[in-house]
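Peer 1: What follows is the file data.pdb, containing PDB, C-alpha atoms:
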```
ATOM      1  CA  PHE R 271     106.684  51.460   2.712
ATOM      2  CA  PHE R 272     103.429  51.738   0.725
ATOM      3  CA  PHE R 273     103.691  48.232  -0.702
ATOM      4  CA  SER R 274     104.610  46.740   2.657
ATOM      5  CA  LEU R 275     101.084  47.457   3.853
ATOM      6  CA  PHE R 276      99.796  44.722   1.578
ATOM      7  CA  TYR R 277     102.071  42.122   3.146
ATOM      8  CA  LEU R 278     101.322  42.710   6.789
ATOM      9  CA  PRO R 279     100.143  39.399   8.296
ATOM     10  CA  LEU R 280      96.482  39.159   9.216
ATOM     11  CA  PRO R 281      95.788  39.138  12.961
ATOM     12  CA  ARG R 282      95.721  35.605  14.318
ATOM     13  CA  MET R 283      92.431  34.435  15.752
ATOM     14  CA  SER R 284      92.567  33.658  19.446
ATOM     15  CA  GLU R 285      90.767  30.728  21.034
ATOM     16  CA  ALA R 286      88.125  33.197  22.169
ATOM     17  CA  ASP R 287      87.684  34.320  18.551
ATOM     18  CA  PHE R 288      87.113  30.744  17.370
ATOM     19  CA  ILE R 289      84.554  30.167  20.121
ATOM     20  CA  ALA R 290      82.790  33.417  19.246
ATOM     21  CA  ALA R 291      82.700  32.477  15.551
ATOM     22  CA  ALA R 292      80.996  29.168  16.296
ATOM     23  CA  ASP R 293      78.637  30.680  18.872
ATOM     24  CA  GLU R 294      77.572  33.651  16.754
ATOM     25  CA  THR R 295      75.020  31.744  14.680
ATOM     26  CA  ILE R 296      74.275  28.699  16.823
ATOM     27  CA  ASP R 297      70.949  30.017  18.150
ATOM     28  CA  ASP R 298      69.885  30.792  14.563
ATOM     29  CA  LEU R 299      69.833  27.032  13.976
ATOM     30  CA  ILE R 300      66.572  26.751  15.919
ATOM     31  CA  GLY R 301      64.678  29.088  13.609
ATOM     32  CA  LEU R 302      66.365  27.804  10.475
ATOM     33  CA  SER R 303      65.442  24.248  11.418
ATOM     34  CA  THR R 304      61.852  24.738  12.580
ATOM     35  CA  LYS R 305      60.327  27.702  10.705
ATOM     36  CA  ASP R 306      59.247  27.640   7.063
ATOM     37  CA  ASP R 307      59.086  31.409   6.516
ATOM     38  CA  GLY R 308      61.380  32.301   3.622
ATOM     39  CA  TRP R 309      61.958  28.664   2.665
ATOM     40  CA  THR R 310      60.835  26.981  -0.546
ATOM     41  CA  PHE R 311      59.775  23.348  -0.386
ATOM     42  CA  VAL R 312      61.879  21.305  -2.821
ATOM     43  CA  GLY R 313      60.334  17.922  -2.166
ATOM     44  CA  GLU R 314      60.565  14.788  -0.071
ATOM     45  CA  GLU R 315      62.985  12.012  -0.905
ATOM     46  CA  LYS R 316      63.883   8.924   1.104
ATOM     47  CA  GLY R 317      61.880  10.255   4.024
ATOM     48  CA  VAL R 318      63.767  13.566   4.134
ATOM     49  CA  ARG R 319      61.822  16.811   3.664
ATOM     50  CA  ILE R 320      64.015  19.248   1.731
ATOM     51  CA  HIS R 321      63.747  23.055   1.625
ATOM     52  CA  LYS R 322      65.931  25.788   0.164
ATOM     53  CA  THR R 323      66.326  29.512   0.672
ATOM     54  CA  HIS R 324      68.358  32.375  -0.769
ATOM     55  CA  SER R 325      69.706  35.536   0.821
ATOM     56  CA  GLU R 326      70.396  38.832  -0.915
ATOM     57  CA  ASP R 327      73.988  38.965   0.283
ATOM     58  CA  ASN R 328      75.045  35.459  -0.809
ATOM     59  CA  PRO R 329      74.428  33.764  -4.188
ATOM     60  CA  VAL R 330      74.990  30.296  -2.691
ATOM     61  CA  VAL R 331      71.759  28.552  -1.744
ATOM     62  CA  MET R 332      71.073  27.368   1.817
ATOM     63  CA  VAL R 333      69.360  23.990   2.055
ATOM     64  CA  ARG R 334      67.653  22.126   4.878
ATOM     65  CA  GLY R 335      66.671  18.528   5.393
ATOM     66  CA  VAL R 336      64.402  17.226   8.152
ATOM     67  CA  THR R 337      63.603  13.655   9.097
ATOM     68  CA  THR R 338      62.808  11.404  12.046
ATOM     69  CA  ILE R 339      65.269   8.831  13.318
ATOM     70  CA  LYS R 340      64.486   5.999  15.712
ATOM     71  CA  ALA R 341      67.321   6.846  18.088
ATOM     72  CA  ASN R 342      67.878   9.040  21.108
ATOM     73  CA  ALA R 343      69.170  12.564  20.500
ATOM     74  CA  GLU R 344      72.440  12.036  22.355
ATOM     75  CA  ASP R 345      73.168   8.907  20.306
ATOM     76  CA  ILE R 346      72.535  10.823  17.088
ATOM     77  CA  LEU R 347      74.871  13.608  18.179
ATOM     78  CA  LYS R 348      77.574  11.093  19.072
ATOM     79  CA  CYS R 349      77.264   9.520  15.632
ATOM     80  CA  THR R 350      77.639  12.858  13.838
ATOM     81  CA  GLU R 351      80.741  13.767  15.829
ATOM     82  CA  THR R 352      82.534  10.395  15.726
ATOM     83  CA  LEU R 353      84.722  11.072  12.707
ATOM     84  CA  ASP R 354      86.342   7.626  12.618
ATOM     85  CA  GLU R 355      82.957   6.119  11.713
ATOM     86  CA  ARG R 356      81.452   8.843   9.545
ATOM     87  CA  ASN R 357      82.408   7.118   6.284
ATOM     88  CA  LYS R 358      80.057   4.283   7.283
ATOM     89  CA  TRP R 359      77.054   6.570   6.666
ATOM     90  CA  ASP R 360      78.554   9.291   4.459
ATOM     91  CA  GLU R 361      80.275   7.774   1.423
ATOM     92  CA  MET R 362      81.650  11.167   0.354
ATOM     93  CA  PHE R 363      83.596  11.525   3.609
ATOM     94  CA  ILE R 364      87.322  10.759   3.412
ATOM     95  CA  LYS R 365      88.546  11.583   6.899
ATOM     96  CA  GLY R 366      88.394  14.144   9.652
ATOM     97  CA  THR R 367      90.514  15.299  12.568
ATOM     98  CA  TYR R 368      89.779  17.250  15.728
ATOM     99  CA  LEU R 369      92.697  19.669  15.703
ATOM    100  CA  LYS R 370      92.069  21.355  19.027
ATOM    101  CA  ASP R 371      89.627  21.208  21.923
ATOM    102  CA  LEU R 372      88.911  24.820  22.866
ATOM    103  CA  ASP R 373      86.755  23.813  25.845
ATOM    104  CA  ASP R 374      84.153  21.162  26.658
ATOM    105  CA  SER R 375      81.783  22.306  23.905
ATOM    106  CA  HIS R 376      83.993  23.936  21.251
ATOM    107  CA  GLN R 377      86.538  22.435  18.866
ATOM    108  CA  ILE R 378      88.490  23.150  15.704
ATOM    109  CA  LEU R 379      88.316  20.378  13.142
ATOM    110  CA  HIS R 380      89.461  19.541   9.624
ATOM    111  CA  LEU R 381      87.257  17.516   7.254
ATOM    112  CA  GLN R 382      88.020  16.065   3.821
ATOM    113  CA  PHE R 383      85.404  14.980   1.269
ATOM    114  CA  LYS R 384      85.442  13.205  -2.075
ATOM    115  CA  SER R 385      84.309  15.043  -5.159
ATOM    116  CA  PRO R 386      81.187  13.605  -6.832
ATOM    117  CA  SER R 387      83.044  13.714 -10.166
ATOM    118  CA  PHE R 388      86.548  12.656 -11.227
ATOM    119  CA  MET R 389      86.720  15.962 -13.111
ATOM    120  CA  VAL R 390      86.435  17.974  -9.886
ATOM    121  CA  THR R 391      89.071  18.162  -7.156
ATOM    122  CA  ASN R 392      88.270  16.847  -3.678
ATOM    123  CA  ARG R 393      87.258  19.435  -1.086
ATOM    124  CA  ASP R 394      88.305  20.064   2.493
ATOM    125  CA  MET R 395      87.263  22.526   5.164
ATOM    126  CA  CYS R 396      88.547  23.898   8.450
ATOM    127  CA  LEU R 397      85.766  24.522  10.945
ATOM    128  CA  ALA R 398      85.054  25.903  14.375
ATOM    129  CA  ARG R 399      82.366  23.803  16.069
ATOM    130  CA  ALA R 400      80.062  24.521  18.982
ATOM    131  CA  VAL R 401      77.585  22.235  20.755
ATOM    132  CA  LYS R 402      74.730  23.582  22.864
ATOM    133  CA  ARG R 403      71.922  21.891  24.767
ATOM    134  CA  THR R 404      68.811  23.950  25.415
ATOM    135  CA  ASP R 405      65.172  23.103  26.204
ATOM    136  CA  GLY R 406      65.495  19.462  25.185
ATOM    137  CA  ILE R 407      67.263  20.355  21.934
ATOM    138  CA  ILE R 408      70.859  19.680  20.892
ATOM    139  CA  LEU R 409      72.518  22.106  18.493
ATOM    140  CA  SER R 410      75.787  21.356  16.697
ATOM    141  CA  ASN R 411      77.023  24.365  14.721
ATOM    142  CA  HIS R 412      79.953  24.682  12.303
ATOM    143  CA  VAL R 413      81.531  27.614  10.461
ATOM    144  CA  SER R 414      84.702  28.028   8.417
ATOM    145  CA  VAL R 415      87.767  29.547  10.070
ATOM    146  CA  GLU R 416      91.386  30.099   9.122
ATOM    147  CA  THR R 417      94.177  28.809  11.334
ATOM    148  CA  ASP R 418      97.753  27.601  11.051
ATOM    149  CA  LEU R 419      96.532  24.335  12.567
ATOM    150  CA  CYS R 420      94.830  23.626   9.253
ATOM    151  CA  PRO R 421      97.042  24.511   6.264
ATOM    152  CA  GLU R 422      95.721  23.922   2.757
ATOM    153  CA  ALA R 423      96.451  20.382   1.586
ATOM    154  CA  LYS R 424      97.698  19.200  -1.802
ATOM    155  CA  GLY R 425      94.946  17.623  -3.865
ATOM    156  CA  PHE R 426      92.146  19.536  -2.119
ATOM    157  CA  VAL R 427      90.340  22.820  -2.673
ATOM    158  CA  ARG R 428      89.389  24.612   0.544
ATOM    159  CA  ALA R 429      85.593  25.029   0.680
ATOM    160  CA  GLN R 430      83.860  27.863   2.526
ATOM    161  CA  VAL R 431      81.155  26.902   5.007
ATOM    162  CA  TYR R 432      78.854  29.835   5.710
ATOM    163  CA  ALA R 433      76.430  27.744   7.751
ATOM    164  CA  SER R 434      76.312  24.099   8.740
ATOM    165  CA  GLY R 435      74.605  22.490  11.642
ATOM    166  CA  PHE R 436      72.430  19.802  13.169
ATOM    167  CA  TYR R 437      69.286  20.453  15.170
ATOM    168  CA  ILE R 438      68.312  17.354  17.153
ATOM    169  CA  LYS R 439      65.154  17.159  19.257
ATOM    170  CA  GLN R 440      64.159  14.202  21.395
ATOM    171  CA  GLU R 441      60.486  13.485  20.615
ATOM    172  CA  ALA R 442      59.940  10.279  22.588
ATOM    173  CA  GLU R 443      62.069   7.516  24.021
ATOM    174  CA  GLY R 444      64.064   6.124  21.125
ATOM    175  CA  GLU R 445      62.873   8.677  18.548
ATOM    176  CA  SER R 446      64.165  12.105  17.538
ATOM    177  CA  THR R 447      63.645  14.772  14.904
ATOM    178  CA  ILE R 448      66.810  15.922  13.180
ATOM    179  CA  ALA R 449      67.347  18.853  10.840
ATOM    180  CA  TYR R 450      70.496  19.476   8.830
ATOM    181  CA  VAL R 451      71.156  22.998   7.529
ATOM    182  CA  ILE R 452      74.001  23.684   5.120
ATOM    183  CA  GLN R 453      75.222  26.643   3.044
ATOM    184  CA  LEU R 454      78.526  25.721   1.434
ATOM    185  CA  ASP R 455      80.579  27.254  -1.346
ATOM    186  CA  PRO R 456      82.936  24.587  -2.745
ATOM    187  CA  LYS R 457      85.072  27.322  -4.347
ATOM    188  CA  GLY R 458      87.171  26.544  -7.391
ATOM    189  CA  TRP R 459      85.800  26.926 -10.908
ATOM    190  CA  ILE R 460      82.346  25.403 -10.347
ATOM    191  CA  PRO R 461      79.593  27.830 -11.494
ATOM    192  CA  THR R 462      77.202  28.960  -8.763
ATOM    193  CA  ALA R 463      74.218  27.601 -10.713
ATOM    194  CA  ILE R 464      75.754  24.105 -10.596
ATOM    195  CA  VAL R 465      76.656  24.513  -6.915
ATOM    196  CA  ASN R 466      73.049  25.389  -6.090
ATOM    197  CA  LEU R 467      71.675  22.523  -8.179
ATOM    198  CA  VAL R 468      73.857  19.933  -6.461
ATOM    199  CA  ALA R 469      73.240  21.457  -3.012
ATOM    200  CA  LYS R 470      69.640  20.232  -3.040
ATOM    201  CA  LYS R 471      70.941  16.674  -2.624
ATOM    202  CA  GLN R 472      73.111  17.434   0.414
ATOM    203  CA  PRO R 473      70.327  16.951   3.015
ATOM    204  CA  LEU R 474      69.898  13.355   1.827
ATOM    205  CA  VAL R 475      72.853  12.488   4.027
ATOM    206  CA  LEU R 476      70.194  12.323   6.775
ATOM    207  CA  ALA R 477      68.624   9.302   5.082
ATOM    208  CA  LYS R 478      71.993   7.542   5.186
ATOM    209  CA  LEU R 479      72.480   8.520   8.820
ATOM    210  CA  ARG R 480      69.015   7.171   9.652
ATOM    211  CA  LYS R 481      69.684   3.895   7.869
ATOM    212  CA  TYR R 482      72.987   3.478   9.733
ATOM    213  CA  LEU R 483      71.470   4.175  13.170
ATOM    214  CA  GLU R 484      68.370   2.048  12.618
ATOM    215  CA  LYS R 485      70.139  -1.015  11.235
TER     216      LYS R 485
END
```
For this file, write the structure as structure tokens.

Peer 2:
Amino acid sequence: FFFSLFYLPLPRMSEADFIAAADETIDDLIGLSTKDDGWTFVGEEKGVRIHKTHSEDNPVVMVRGVTTIKANAEDILKCTETLDERNKWDEMFIKGTYLKDLDDSHQILHLQFKSPSFMVTNRDMCLARAVKRTDGIILSNHVSVETDLCPEAKGFVRAQVYASGFYIKQEAEGESTIAYVIQLDPKGWIPTAIVNLVAKKQPLVLAKLRKYLEK
């Protein structure tokens, strides 16, 4: 009987649980995207301003990129969520699938990404996503979840997304500010120091998104 306690199945997350997981940190995206308190400026590259920050409870660095794109906010959002075309502006993206629509603004999705090195296994992630529009701003928030809809796949290591989101603000007709915040643990054998070093390049995906939308 004692040992059986260790094999009891974990409670399954309900649809309400997935929605709550995605909603829990979505409003934090505003502060994370617009305030510099606690952030260290890394530099500017390809028109993207990059910052990083650390928290006491997580050794994995959080990074932020901010840039301006000559496109309307809704068009930028549509581009980020159209998975069939993401590999046109994100060369590390393999494929993605919306597994379940929870309601009009919440989904569960599965994403697969190439490794930057042939010595490292490709990564995938299962995410709950929420979209919110408030005061002329669009927020798209993502967080890792576990579900039977998204079993681990052969040839991939399941990454852990602690925070990931887009903050998109319409500045003028045909021009928007976009911030991308990401805190991701790729798991596996990669040392945290290497993870944090490579993470500083992740916000540069905004430069590729800008180039794709402004072509």

Peer 1: Determine, for each residue of stretch 279-329 of chain R having at least one atom at most 10 Å from an atom of stretch 334-345 of chain R, the closest pair of atoms and their separation in Å to one decimal, counting all atoms listed in the file; order by chain and ascending number, as a Markdown table.

Peer 2:
```
| residue | atom | partner | partner_atom | distance |
| --- | --- | --- | --- | --- |
| R:Leu302 | CA | R:Arg334 | CA | 8.1 |
| R:Ser303 | CA | R:Arg334 | CA | 7.2 |
| R:Thr304 | CA | R:Val336 | CA | 9.1 |
| R:Trp309 | CA | R:Arg334 | CA | 8.9 |
| R:Thr310 | CA | R:Arg334 | CA | 10.0 |
| R:Phe311 | CA | R:Arg334 | CA | 9.6 |
| R:Val312 | CA | R:Arg334 | CA | 9.7 |
| R:Gly313 | CA | R:Gly335 | CA | 9.9 |
| R:Glu314 | CA | R:Gly335 | CA | 9.0 |
| R:Glu315 | CA | R:Gly335 | CA | 9.8 |
| R:Lys316 | CA | R:Thr337 | CA | 9.3 |
| R:Gly317 | CA | R:Thr337 | CA | 6.3 |
| R:Val318 | CA | R:Thr337 | CA | 5.0 |
| R:Arg319 | CA | R:Val336 | CA | 5.2 |
| R:Ile320 | CA | R:Gly335 | CA | 4.6 |
| R:His321 | CA | R:Arg334 | CA | 5.2 |
| R:Lys322 | CA | R:Arg334 | CA | 6.2 |
| R:Thr323 | CA | R:Arg334 | CA | 8.6 |
```

Peer 1: Report the residues retrieved by the PyMOL selection byres ((chain R and resi 429-432) around 8) from the displayed file, expressed as a count of residues only.

Peer 2: 17

Peer 1: Enumerate, as a list in words, the residues matched when the PyMOL selection byres ((chain R and resi 329) around 10) is run on the file above.

Peer 2: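 Residues picked by the PyMOL selection byres ((chain R and resi 329) around 10): His324, Ser325, Glu326, Asp327, Asn328, Val330, Val331, Met332, Asp455, Thr462, Ala463, Val465 and Asn466 of chain R.
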
Peer 1: Calculated over all atoms listed in the file, which of the candidates R:Val333, R:Lys305, R:Glu361, R:Asp287 has the smallest distance to R:Lys478?

Peer 2: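 With all atoms listed in the file as the atom set, the closest residue is R:Glu361.
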
Peer 1: Which one of R:Ile346, R:Leu483, R:Asn411, R:Leu474 sits closest to R:Ser446 if you count only C-alpha atoms?

Peer 2: R:Ile346

Peer 1: Please report the interatomic distance between atom CA of R:Val451 and atom CA of R:Ile296 in Å with one decimal.

Peer 2: 11.3 Å

Peer 1: So how far away is atom CA of R:Leu369 from atom CA of R:Gln440, in Å?

Peer 2: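 Separating atom CA of R:Gln440 from atom CA of R:Leu369 is a distance of 29.6 Å.
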
Peer 1: Just say which residues the PyMOL selection byres ((chain R and resi 382-390) around 10) picks in this file, as a compact mmCIF listing (two decimals) with C-alpha atoms, in the coordinates of the input.

Peer 2:
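This went into out21.txt:
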```txt
# COMPACT_ATOMS: atom_id res chain seq x y z
CA ASN R 357 82.41 7.12 6.28
CA ASP R 360 78.55 9.29 4.46
CA GLU R 361 80.28 7.77 1.42
CA MET R 362 81.65 11.17 0.35
CA PHE R 363 83.60 11.52 3.61
CA ILE R 364 87.32 10.76 3.41
CA LYS R 365 88.55 11.58 6.90
CA GLY R 366 88.39 14.14 9.65
CA THR R 367 90.51 15.30 12.57
CA HIS R 380 89.46 19.54 9.62
CA LEU R 381 87.26 17.52 7.25
CA THR R 391 89.07 18.16 -7.16
CA ASN R 392 88.27 16.85 -3.68
CA ARG R 393 87.26 19.43 -1.09
CA ASP R 394 88.30 20.06 2.49
CA MET R 395 87.26 22.53 5.16
CA CYS R 396 88.55 23.90 8.45
CA ALA R 423 96.45 20.38 1.59
CA PHE R 426 92.15 19.54 -2.12
CA VAL R 427 90.34 22.82 -2.67
CA ARG R 428 89.39 24.61 0.54
CA ALA R 429 85.59 25.03 0.68
CA PRO R 456 82.94 24.59 -2.74
CA GLY R 458 87.17 26.54 -7.39
CA TRP R 459 85.80 26.93 -10.91
CA ILE R 460 82.35 25.40 -10.35
CA VAL R 468 73.86 19.93 -6.46
```

Peer 1: May I ask for the distance between atom CA of R:Ile289 and atom CA of R:His376, given in Å to one decimal place?

Peer 2: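 For atom CA of R:Ile289 relative to atom CA of R:His376, the distance reads 6.4 Å.
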
Peer 1: So, with only C-alpha atoms as the atoms that count, which of R:Ile464, R:Lys471, R:Arg399, R:Glu443 lies closest to R:Asp371?

Peer 2: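 Using only C-alpha atoms, the shortest distance to R:Asp371 belongs to R:Arg399.
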
Peer 1: Padding 3 Å on every side, please: axis-aligned box over the listed atoms of stretch 434-451 of chain R, centre and edge lengths to one decimal in Å, as lines of an AutoDock Vina configuration file.

Peer 2:
```
center_x = 68.1
center_y = 15.1
center_z = 15.8
size_x = 22.4
size_y = 24.0
size_z = 22.5
```

Peer 1: Between R:Ala442, R:Cys349, R:Ala400, R:Leu372, which is the closest to R:Asp297 once you count only C-alpha atoms?

Peer 2: R:Ala400
